[in-house]
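Remarks on the structure that follows.
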Amino acid sequence: MPQIPGLLKGLGVTFKTMLQPTVTVQYPHEKEDVAPRARGVIALKEDNCTVCMLCARSCPDWCIYIEGHKTKAPPRREGGKPRTVQLLDRFDIDYSLCMYCGICVEVCPFDALFWSPEYEYSEVRIADLLHDKDKLGEWMEGVPDFESYEAGSEQKVKKVPR
Amino acid sequence: MNTLTERQKLAYIAGQAAEARINVELETEGMTLNIGPQHPATHGTLRVVAKLDGEQVVSANPVMGYMHRGYEKLTEVRTYPQVTTLVNRIDWLGSFANEVPFILAAEQLMEVEAPPRAQWIRTILFELSRIANVALFLGDMGVQLGAITPVFYAFRDREYVLNLIESATGGRFHPNFDRIGGIKDDLPKGWIEETRGVMVKVRRFCDELEELILGNPIFAARTRGVGVIPGETALHYGLSGANLRASGVDWDLRRDGASPLAWNQVDWKVWTHPDGDSFARYWVRLQETREASYIVEKLLDGLPSGPIMAKVPRIIKVPQGEAWVSTENPLGEMGYYVVSKGDLGPFRVKIRSASFNNISIVPWVLKGVYVPDIITILASLYFILGDIDR
């Protein structure tokens, strides 16, 4: 009977685990905290977008659709020339194609795209996963502030425009 | 073949005899058994065609390609920053480790080197993905042999590691955190403290499994002496990683390779086992998981301060040339051969993935074993289908 101690030891581990509190949560009723950096959904700050198309071009599966037009805006100073600005007509992200790689957020030079850790936006129809600029703008509410860095870092903490 | 064990020799003779019997003695016909493409023991869609004589395997051949996604071709139509998000999906359990060799190859071509802090954070995340990957094997091997409990423990403790990867990189499975010249972002505040706590949990998990599985006589009876691969044969078949070290070959690219990552800055041990059987492969992986947690702790102690990005142009164009870089990934040696013609994207990429070479030994090692041992051996070789088919 040299096998008995090995089996008993294993059963001891199982028994000890049985007495520990559970690690799972009852999902729809309880929710776990998501890390602030988690890549849940992309939020769009429409005022900052200049229709430069960098995000649409750098997307690995080309799931961002942008259209815009040029328009004249009133001059900044009295008596100046009217400025030419780009206005955003359409900004769609197809979340049925998105790989959540975050390259679009990273390349945006004007701070118009942000990650929100929100993840509950599944749809019954796949076509509904195409979020237009209004829906993407709504996600801005859920964007958390950037975390401060660990000691020894030389990175600057950026600010989220509100 | 003088390096064969006694059991392997007997199995060989029995296999040869079985093959001969089919044709001559009894005029019986062998049975062809398809294991897969949909079989829980294959972790995906690998098909093993086994010719049986009774309970004994006469010959077995793995059939690959059911999940071929064509990554080598896909990389040719993407820019360098876009490739990292693709190669994340090759070995989906330890995905950060897939990015590193590709980025190192691109850095080698561009002749930039990431600053030390970036290299250390890379190494820490690399080892974390190793823990996340191998922890699943440690639980999963139990399931293959009929023990359900360990896999729950594995998923429980792996979750802590995945949470760490998520809070640092933003992605649980597909971090896409490595950049040419450094990493995307620095660690968030409080991450180091959290990691230390998780590493203690990982070690406790290893202790639990040691009592639960390695001490279990049923596990020992089903794995000891099953699927013995002698070191010389393992080398001939191009095995790497823990499969090779379990055969007694002391070879680890983290220590032996010329990598700019921070492994050579800390002390750690390469674990080997002389037996080369399924039990040894499990044992080596268990020790490596524990060792990885020590490596992470030591790296956290000495994390240098400084910038995390070297100076690289905003639009990355890699100069003309060729580079081969391989690292010791959770499954074994993984390497990228990158050919650049000076464009935005690579001209050609050859991916050497560990699992593809690791299962090339399947026809050899399955010859002459009995049917229940097929599952043990396939599970202990530990491949990931995404890594085989790419």
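In the structure tokens, chains take the letters A, B, ... in the order shown, each chain's residues start at 1, and ligands count up from 1 in the order shown.
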
Item to check | All residues 9 Å or closer to Trp324 in chain B, only C-alpha atoms, same chain fewer than 3 positions away omitted, as a list in words | outcome: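 Neighbouring residues, sequence-local ones excluded: Pro101, Phe102, Ala105, Gln108, Gly335, Tyr336, Tyr337, Val338 and Val339 of chain B.
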
Next on the checklist: Select, as a list in words, those residues of chain A with any atom no more than 8 Å from chain B (distances computed using only C-alpha atoms).
Outcome noted: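 Only these qualify: Gln3, Gly6, Leu7, Lys9, Gly10, Leu11, Val13, Thr14, Val23, Ala35, Pro36, Arg37, Ala38, Arg39, Ser58, Cys59, Pro60, Cys101, Ile103, Glu147, Ser148, Tyr149, Glu150, Ala151, Gly152, Ser153, Glu154 and Gln155 of chain A.
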
Checklist entry - Among range 21-106 of chain A, which residues carry a DSSP assignment of strand (DSSP E or B), reported as number ranges by chain? => result A: 41-44, 64-73, 83-94

Quick one: write out the picked residues with N, CA, C and O atoms as a tab-separated table (two decimals), in the first residue's frame?
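Written out: part17.tsv:
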chain	number	residue	atom	x	y	z
A	41	VAL	N	-13.82	49.29	-25.66
A	41	VAL	CA	-14.47	49.90	-26.81
A	41	VAL	C	-13.77	51.24	-27.07
A	41	VAL	O	-13.23	51.86	-26.15
A	42	ILE	N	-13.77	51.65	-28.34
A	42	ILE	CA	-13.08	52.89	-28.71
A	42	ILE	C	-14.07	54.05	-28.64
A	42	ILE	O	-15.17	53.96	-29.18
A	43	ALA	N	-13.66	55.11	-27.93
A	43	ALA	CA	-14.51	56.29	-27.82
A	43	ALA	C	-13.94	57.39	-28.70
A	43	ALA	O	-12.73	57.49	-28.88
A	44	LEU	N	-14.83	58.21	-29.25
A	44	LEU	CA	-14.41	59.27	-30.17
A	44	LEU	C	-14.77	60.63	-29.59
A	44	LEU	O	-15.90	60.88	-29.19
A	64	ILE	N	-12.34	51.05	-40.13
A	64	ILE	CA	-12.76	52.40	-39.79
A	64	ILE	C	-13.13	53.12	-41.09
A	64	ILE	O	-12.35	53.11	-42.05
A	65	TYR	N	-14.29	53.72	-41.10
A	65	TYR	CA	-14.77	54.41	-42.31
A	65	TYR	C	-14.93	55.89	-41.96
A	65	TYR	O	-15.67	56.23	-41.05
A	66	ILE	N	-14.23	56.75	-42.68
A	66	ILE	CA	-14.27	58.18	-42.38
A	66	ILE	C	-14.64	58.96	-43.63
A	66	ILE	O	-14.11	58.69	-44.72
A	67	GLU	N	-15.53	59.90	-43.48
A	67	GLU	CA	-15.79	60.87	-44.54
A	67	GLU	C	-15.85	62.24	-43.92
A	67	GLU	O	-16.28	62.39	-42.77
A	68	GLY	N	-15.40	63.25	-44.67
A	68	GLY	CA	-15.44	64.61	-44.14
A	68	GLY	C	-15.46	65.61	-45.27
A	68	GLY	O	-15.31	65.24	-46.44
A	69	HIS	N	-15.68	66.86	-44.94
A	69	HIS	CA	-15.61	67.88	-45.98
A	69	HIS	C	-14.98	69.14	-45.40
A	69	HIS	O	-14.96	69.35	-44.19
A	70	LYS	N	-14.50	69.99	-46.33
A	70	LYS	CA	-13.85	71.24	-45.91
A	70	LYS	C	-14.91	72.31	-45.76
A	70	LYS	O	-15.88	72.36	-46.52
A	71	THR	N	-14.72	73.16	-44.79
A	71	THR	CA	-15.66	74.26	-44.63
A	71	THR	C	-14.93	75.47	-44.07
A	71	THR	O	-13.82	75.35	-43.56
A	72	LYS	N	-15.55	76.64	-44.20
A	72	LYS	CA	-14.93	77.87	-43.69
A	72	LYS	C	-15.45	78.13	-42.28
A	72	LYS	O	-16.65	78.11	-42.04
A	73	ALA	N	-14.51	78.38	-41.39
A	73	ALA	CA	-14.91	78.73	-40.03
A	73	ALA	C	-14.57	80.20	-39.80
A	73	ALA	O	-13.67	80.74	-40.46
A	83	ARG	N	-10.94	80.68	-41.50
A	83	ARG	CA	-10.09	79.49	-41.51
A	83	ARG	C	-10.77	78.37	-42.29
A	83	ARG	O	-12.00	78.30	-42.34
A	84	THR	N	-9.95	77.49	-42.86
A	84	THR	CA	-10.48	76.28	-43.49
A	84	THR	C	-10.37	75.15	-42.48
A	84	THR	O	-9.28	74.86	-42.00
A	85	VAL	N	-11.47	74.54	-42.14
A	85	VAL	CA	-11.42	73.41	-41.22
A	85	VAL	C	-12.07	72.19	-41.88
A	85	VAL	O	-12.89	72.32	-42.79
A	86	GLN	N	-11.68	71.03	-41.40
A	86	GLN	CA	-12.26	69.77	-41.88
A	86	GLN	C	-13.39	69.39	-40.94
A	86	GLN	O	-13.20	69.34	-39.73
A	87	LEU	N	-14.55	69.13	-41.48
A	87	LEU	CA	-15.67	68.70	-40.65
A	87	LEU	C	-15.93	67.21	-40.87
A	87	LEU	O	-15.89	66.72	-42.00
A	88	LEU	N	-16.22	66.54	-39.79
A	88	LEU	CA	-16.42	65.09	-39.85
A	88	LEU	C	-17.87	64.80	-40.23
A	88	LEU	O	-18.80	65.26	-39.58
A	89	ASP	N	-18.05	64.07	-41.33
A	89	ASP	CA	-19.41	63.67	-41.70
A	89	ASP	C	-19.75	62.29	-41.18
A	89	ASP	O	-20.84	62.02	-40.72
A	90	ARG	N	-18.77	61.43	-41.29
A	90	ARG	CA	-19.04	60.03	-40.95
A	90	ARG	C	-17.80	59.47	-40.26
A	90	ARG	O	-16.69	59.70	-40.71
A	91	PHE	N	-17.99	58.79	-39.16
A	91	PHE	CA	-16.89	58.08	-38.51
A	91	PHE	C	-17.49	56.79	-37.97
A	91	PHE	O	-18.16	56.80	-36.95
A	92	ASP	N	-17.27	55.72	-38.68
A	92	ASP	CA	-17.83	54.44	-38.27
A	92	ASP	C	-16.72	53.47	-37.94
A	92	ASP	O	-15.72	53.40	-38.65
A	93	ILE	N	-16.90	52.72	-36.86
A	93	ILE	CA	-16.00	51.60	-36.57
A	93	ILE	C	-16.85	50.34	-36.60
A	93	ILE	O	-17.87	50.26	-35.92
A	94	ASP	N	-16.42	49.38	-37.39
A	94	ASP	CA	-17.14	48.12	-37.48
A	94	ASP	C	-16.56	47.16	-36.43
A	94	ASP	O	-15.51	46.57	-36.64

All helix (DSSP H, G or I) residues (DSSP, backbone) inside chain A, as a compact mmCIF listing (two decimals) with all heavy atoms, in the first residue's frame:
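Writing the result to result.txt gives the following:
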# COMPACT_ATOMS: atom_id res chain seq x y z
N ILE A 4 -1.16 4.89 -0.92
CA ILE A 4 -2.17 5.58 -0.11
C ILE A 4 -1.76 7.00 0.27
O ILE A 4 -2.55 7.93 0.11
CB ILE A 4 -2.51 4.73 1.14
CG1 ILE A 4 -3.17 3.40 0.72
CG2 ILE A 4 -3.43 5.50 2.08
CD1 ILE A 4 -4.54 3.54 0.10
N PRO A 5 -0.53 7.24 0.77
CA PRO A 5 -0.21 8.62 1.19
C PRO A 5 -0.35 9.63 0.05
O PRO A 5 -0.85 10.73 0.26
CB PRO A 5 1.25 8.52 1.64
CG PRO A 5 1.48 7.10 1.92
CD PRO A 5 0.57 6.33 1.02
N GLY A 6 0.05 9.24 -1.14
CA GLY A 6 -0.06 10.15 -2.28
C GLY A 6 -1.49 10.55 -2.56
O GLY A 6 -1.82 11.71 -2.78
N LEU A 7 -2.38 9.56 -2.51
CA LEU A 7 -3.79 9.84 -2.76
C LEU A 7 -4.37 10.74 -1.67
O LEU A 7 -5.10 11.68 -1.95
CB LEU A 7 -4.57 8.52 -2.80
CG LEU A 7 -4.42 7.69 -4.06
CD1 LEU A 7 -5.17 6.37 -3.90
CD2 LEU A 7 -4.97 8.43 -5.25
N LEU A 8 -4.00 10.44 -0.41
CA LEU A 8 -4.54 11.23 0.70
C LEU A 8 -4.08 12.67 0.63
O LEU A 8 -4.84 13.60 0.89
CB LEU A 8 -4.13 10.61 2.04
CG LEU A 8 -4.86 9.32 2.41
CD1 LEU A 8 -4.39 8.82 3.76
CD2 LEU A 8 -6.37 9.51 2.41
N LYS A 9 -2.82 12.85 0.23
CA LYS A 9 -2.30 14.22 0.10
C LYS A 9 -3.10 15.00 -0.93
O LYS A 9 -3.47 16.15 -0.72
CB LYS A 9 -0.83 14.16 -0.34
CG LYS A 9 0.15 14.54 0.75
CD LYS A 9 1.52 14.61 0.12
CE LYS A 9 2.56 15.09 1.10
NZ LYS A 9 3.87 15.07 0.49
N GLY A 10 -3.38 14.34 -2.06
CA GLY A 10 -4.16 14.99 -3.11
C GLY A 10 -5.55 15.34 -2.62
O GLY A 10 -6.06 16.43 -2.87
N LEU A 11 -6.16 14.40 -1.89
CA LEU A 11 -7.49 14.68 -1.37
C LEU A 11 -7.45 15.83 -0.37
O LEU A 11 -8.39 16.62 -0.28
CB LEU A 11 -8.07 13.42 -0.69
CG LEU A 11 -8.58 12.35 -1.65
CD1 LEU A 11 -8.97 11.11 -0.89
CD2 LEU A 11 -9.77 12.87 -2.44
N GLY A 12 -6.33 15.93 0.35
CA GLY A 12 -6.18 17.04 1.31
C GLY A 12 -6.21 18.38 0.59
O GLY A 12 -6.84 19.33 1.05
N VAL A 13 -5.53 18.45 -0.57
CA VAL A 13 -5.53 19.69 -1.35
C VAL A 13 -6.94 20.04 -1.77
O VAL A 13 -7.40 21.18 -1.65
CB VAL A 13 -4.60 19.55 -2.58
CG1 VAL A 13 -4.73 20.75 -3.49
CG2 VAL A 13 -3.17 19.37 -2.15
N THR A 14 -7.67 19.03 -2.26
CA THR A 14 -9.05 19.27 -2.70
C THR A 14 -9.90 19.75 -1.53
O THR A 14 -10.70 20.67 -1.66
CB THR A 14 -9.65 17.98 -3.27
OG1 THR A 14 -8.62 17.26 -3.93
CG2 THR A 14 -10.75 18.28 -4.24
N PHE A 15 -9.70 19.12 -0.38
CA PHE A 15 -10.51 19.47 0.79
C PHE A 15 -10.21 20.91 1.24
O PHE A 15 -11.12 21.67 1.55
CB PHE A 15 -10.19 18.48 1.93
CG PHE A 15 -11.14 18.60 3.09
CD1 PHE A 15 -12.45 18.16 2.97
CD2 PHE A 15 -10.73 19.18 4.27
CE1 PHE A 15 -13.33 18.28 4.03
CE2 PHE A 15 -11.60 19.31 5.34
CZ PHE A 15 -12.91 18.85 5.22
N LYS A 16 -8.93 21.26 1.23
CA LYS A 16 -8.56 22.62 1.65
C LYS A 16 -9.21 23.65 0.72
O LYS A 16 -9.71 24.67 1.16
CB LYS A 16 -7.04 22.78 1.60
CG LYS A 16 -6.40 22.84 2.98
CD LYS A 16 -4.95 23.24 2.85
CE LYS A 16 -4.04 22.05 2.66
NZ LYS A 16 -2.68 22.39 2.29
N THR A 17 -9.18 23.33 -0.59
CA THR A 17 -9.76 24.27 -1.55
C THR A 17 -11.27 24.38 -1.36
O THR A 17 -11.85 25.44 -1.56
CB THR A 17 -9.46 23.80 -2.98
OG1 THR A 17 -8.09 23.44 -3.04
CG2 THR A 17 -9.72 24.89 -3.99
N MET A 18 -11.88 23.28 -0.95
CA MET A 18 -13.33 23.28 -0.74
C MET A 18 -13.73 24.29 0.33
O MET A 18 -14.79 24.90 0.27
CB MET A 18 -13.77 21.89 -0.33
CG MET A 18 -15.25 21.63 -0.46
SD MET A 18 -15.61 19.94 -0.05
CE MET A 18 -15.70 20.01 1.72
N LEU A 19 -12.88 24.46 1.32
CA LEU A 19 -13.21 25.35 2.43
C LEU A 19 -12.91 26.81 2.12
O LEU A 19 -13.30 27.69 2.88
CB LEU A 19 -12.44 24.92 3.68
CG LEU A 19 -12.75 23.50 4.16
CD1 LEU A 19 -11.88 23.15 5.34
CD2 LEU A 19 -14.22 23.35 4.51
N GLU A 46 -15.32 63.94 -30.88
CA GLU A 46 -15.52 64.41 -32.26
C GLU A 46 -14.86 65.77 -32.51
O GLU A 46 -14.35 66.03 -33.59
CB GLU A 46 -17.00 64.48 -32.54
CG GLU A 46 -17.31 64.42 -34.02
CD GLU A 46 -18.76 64.73 -34.29
OE1 GLU A 46 -19.63 64.28 -33.53
OE2 GLU A 46 -19.02 65.44 -35.27
N ASP A 47 -14.87 66.65 -31.48
CA ASP A 47 -14.34 68.00 -31.68
C ASP A 47 -12.86 67.98 -32.04
O ASP A 47 -12.35 68.87 -32.72
CB ASP A 47 -14.53 68.84 -30.40
CG ASP A 47 -15.97 68.82 -29.96
OD1 ASP A 47 -16.81 68.47 -30.79
OD2 ASP A 47 -16.24 69.14 -28.80
N ASN A 48 -12.15 66.95 -31.56
CA ASN A 48 -10.71 66.91 -31.80
C ASN A 48 -10.34 66.32 -33.15
O ASN A 48 -9.20 66.43 -33.57
CB ASN A 48 -10.02 66.10 -30.70
CG ASN A 48 -9.97 66.86 -29.40
OD1 ASN A 48 -10.42 68.00 -29.32
ND2 ASN A 48 -9.43 66.23 -28.37
N LEU A 54 -5.48 59.07 -40.49
CA LEU A 54 -4.35 58.23 -40.06
C LEU A 54 -4.86 56.93 -39.46
O LEU A 54 -4.30 55.86 -39.70
CB LEU A 54 -3.51 58.98 -39.04
CG LEU A 54 -2.32 59.74 -39.57
CD1 LEU A 54 -1.58 60.40 -38.42
CD2 LEU A 54 -1.38 58.82 -40.30
N CYS A 55 -5.91 57.03 -38.63
CA CYS A 55 -6.42 55.82 -37.97
C CYS A 55 -6.97 54.84 -39.01
O CYS A 55 -6.73 53.64 -38.93
CB CYS A 55 -7.48 56.18 -36.95
SG CYS A 55 -8.77 57.25 -37.56
N ALA A 56 -7.71 55.38 -40.00
CA ALA A 56 -8.31 54.49 -40.99
C ALA A 56 -7.24 53.79 -41.82
O ALA A 56 -7.39 52.63 -42.20
CB ALA A 56 -9.24 55.28 -41.91
N ARG A 57 -6.13 54.52 -42.06
CA ARG A 57 -5.08 53.92 -42.88
C ARG A 57 -4.26 52.90 -42.10
O ARG A 57 -3.76 51.94 -42.66
CB ARG A 57 -4.16 55.01 -43.42
CG ARG A 57 -4.53 55.41 -44.82
CD ARG A 57 -3.50 56.34 -45.37
NE ARG A 57 -3.49 57.60 -44.66
CZ ARG A 57 -2.47 58.43 -44.66
NH1 ARG A 57 -1.38 58.14 -45.32
NH2 ARG A 57 -2.53 59.57 -44.01
N SER A 58 -4.08 53.12 -40.79
CA SER A 58 -3.21 52.22 -40.04
C SER A 58 -3.97 51.05 -39.45
O SER A 58 -3.37 50.19 -38.82
CB SER A 58 -2.51 53.00 -38.93
OG SER A 58 -3.47 53.47 -38.03
N ILE A 103 -4.12 50.25 -32.44
CA ILE A 103 -3.19 51.03 -33.26
C ILE A 103 -3.81 52.38 -33.61
O ILE A 103 -3.14 53.41 -33.62
CB ILE A 103 -2.78 50.23 -34.51
CG1 ILE A 103 -1.92 49.04 -34.09
CG2 ILE A 103 -2.01 51.09 -35.48
CD1 ILE A 103 -1.53 48.14 -35.22
N CYS A 104 -5.14 52.40 -33.88
CA CYS A 104 -5.79 53.67 -34.25
C CYS A 104 -5.70 54.68 -33.11
O CYS A 104 -5.45 55.86 -33.33
CB CYS A 104 -7.25 53.41 -34.62
SG CYS A 104 -8.18 52.50 -33.40
N VAL A 105 -5.89 54.20 -31.87
CA VAL A 105 -5.81 55.11 -30.73
C VAL A 105 -4.39 55.64 -30.58
O VAL A 105 -4.17 56.80 -30.24
CB VAL A 105 -6.25 54.36 -29.45
CG1 VAL A 105 -6.17 55.26 -28.24
CG2 VAL A 105 -7.66 53.83 -29.60
N GLU A 106 -3.44 54.76 -30.89
CA GLU A 106 -2.05 55.14 -30.69
C GLU A 106 -1.58 56.16 -31.74
O GLU A 106 -0.81 57.07 -31.41
CB GLU A 106 -1.19 53.88 -30.79
CG GLU A 106 0.06 53.94 -29.97
CD GLU A 106 0.86 52.70 -30.20
OE1 GLU A 106 0.32 51.71 -30.70
OE2 GLU A 106 2.04 52.72 -29.87
N VAL A 107 -2.04 56.01 -32.98
CA VAL A 107 -1.52 56.90 -34.02
C VAL A 107 -2.24 58.24 -34.04
O VAL A 107 -1.75 59.18 -34.66
CB VAL A 107 -1.61 56.27 -35.43
CG1 VAL A 107 -0.75 55.05 -35.52
CG2 VAL A 107 -3.03 55.98 -35.82
N ILE A 126 -25.48 41.33 -36.45
CA ILE A 126 -24.06 41.69 -36.59
C ILE A 126 -23.93 43.10 -37.17
O ILE A 126 -22.99 43.83 -36.88
CB ILE A 126 -23.33 40.63 -37.44
CG1 ILE A 126 -21.83 40.77 -37.22
CG2 ILE A 126 -23.66 40.74 -38.91
CD1 ILE A 126 -21.05 39.60 -37.71
N ALA A 127 -24.92 43.53 -37.96
CA ALA A 127 -24.84 44.85 -38.58
C ALA A 127 -24.92 45.96 -37.53
O ALA A 127 -24.42 47.06 -37.76
CB ALA A 127 -25.95 45.02 -39.61
N ASP A 128 -25.53 45.65 -36.38
CA ASP A 128 -25.65 46.67 -35.34
C ASP A 128 -24.32 46.96 -34.66
O ASP A 128 -24.21 47.89 -33.88
CB ASP A 128 -26.67 46.24 -34.30
CG ASP A 128 -28.06 46.18 -34.88
OD1 ASP A 128 -28.28 46.88 -35.90
OD2 ASP A 128 -28.91 45.47 -34.35
N LEU A 129 -23.33 46.14 -34.93
CA LEU A 129 -22.02 46.38 -34.32
C LEU A 129 -21.26 47.51 -35.01
O LEU A 129 -20.17 47.87 -34.59
CB LEU A 129 -21.18 45.10 -34.35
CG LEU A 129 -21.51 44.11 -33.24
CD1 LEU A 129 -20.81 42.80 -33.50
CD2 LEU A 129 -21.09 44.63 -31.89
N LYS A 133 -20.66 57.83 -35.42
CA LYS A 133 -19.90 58.77 -34.59
C LYS A 133 -20.67 59.21 -33.34
O LYS A 133 -20.07 59.54 -32.33
CB LYS A 133 -19.47 59.99 -35.42
CG LYS A 133 -20.60 60.83 -35.94
CD LYS A 133 -20.05 62.04 -36.65
CE LYS A 133 -21.19 62.87 -37.18
NZ LYS A 133 -20.81 64.04 -37.88
N ASP A 134 -22.02 59.18 -33.40
CA ASP A 134 -22.78 59.53 -32.21
C ASP A 134 -22.59 58.48 -31.12
O ASP A 134 -22.39 58.79 -29.95
CB ASP A 134 -24.26 59.65 -32.56
CG ASP A 134 -24.49 60.79 -33.54
OD1 ASP A 134 -23.72 61.77 -33.45
OD2 ASP A 134 -25.39 60.69 -34.39
N LYS A 135 -22.67 57.22 -31.54
CA LYS A 135 -22.52 56.14 -30.57
C LYS A 135 -21.09 56.13 -30.02
O LYS A 135 -20.89 55.92 -28.82
CB LYS A 135 -22.86 54.82 -31.22
CG LYS A 135 -22.97 53.70 -30.23
CD LYS A 135 -24.00 52.68 -30.63
CE LYS A 135 -24.28 51.73 -29.48
NZ LYS A 135 -24.80 50.45 -29.93
N LEU A 136 -20.13 56.35 -30.90
CA LEU A 136 -18.74 56.37 -30.44
C LEU A 136 -18.52 57.55 -29.49
O LEU A 136 -17.71 57.47 -28.56
CB LEU A 136 -17.79 56.47 -31.63
CG LEU A 136 -17.72 55.24 -32.52
CD1 LEU A 136 -16.92 55.56 -33.76
CD2 LEU A 136 -17.09 54.08 -31.79
N GLY A 137 -19.24 58.65 -29.73
CA GLY A 137 -19.13 59.80 -28.84
C GLY A 137 -19.69 59.51 -27.46
O GLY A 137 -19.17 59.98 -26.45
N GLU A 138 -20.74 58.68 -27.41
CA GLU A 138 -21.33 58.34 -26.11
C GLU A 138 -20.37 57.58 -25.24
O GLU A 138 -20.41 57.67 -24.01
CB GLU A 138 -22.59 57.49 -26.32
CG GLU A 138 -23.82 58.29 -26.71
CD GLU A 138 -24.94 57.37 -27.18
OE1 GLU A 138 -24.98 56.22 -26.73
OE2 GLU A 138 -25.73 57.82 -28.03
N TRP A 139 -19.48 56.80 -25.86
CA TRP A 139 -18.54 56.01 -25.06
C TRP A 139 -17.56 56.90 -24.31
O TRP A 139 -16.90 56.44 -23.37
CB TRP A 139 -17.75 55.04 -25.95
CG TRP A 139 -18.56 53.97 -26.59
CD1 TRP A 139 -18.67 53.72 -27.92
CD2 TRP A 139 -19.37 52.98 -25.95
NE1 TRP A 139 -19.50 52.65 -28.15
CE2 TRP A 139 -19.94 52.18 -26.97
CE3 TRP A 139 -19.67 52.70 -24.63
CZ2 TRP A 139 -20.80 51.12 -26.68
CZ3 TRP A 139 -20.52 51.65 -24.35
CH2 TRP A 139 -21.07 50.87 -25.37
N MET A 140 -17.41 58.16 -24.71
CA MET A 140 -16.45 59.05 -24.05
C MET A 140 -16.71 59.15 -22.54
O MET A 140 -15.80 59.36 -21.76
CB MET A 140 -16.52 60.46 -24.65
CG MET A 140 -15.57 60.77 -25.79
SD MET A 140 -13.89 60.27 -25.57
CE MET A 140 -13.26 61.54 -24.50
N GLU A 141 -17.99 59.02 -22.15
CA GLU A 141 -18.31 59.11 -20.72
C GLU A 141 -17.58 58.05 -19.91
O GLU A 141 -17.19 58.30 -18.77
CB GLU A 141 -19.81 58.89 -20.52
CG GLU A 141 -20.64 60.12 -20.80
CD GLU A 141 -22.11 59.77 -20.77
OE1 GLU A 141 -22.50 58.92 -19.94
OE2 GLU A 141 -22.85 60.33 -21.59
N GLY A 142 -17.40 56.88 -20.48
CA GLY A 142 -16.81 55.78 -19.72
C GLY A 142 -15.29 55.77 -19.74
O GLY A 142 -14.68 54.87 -19.18
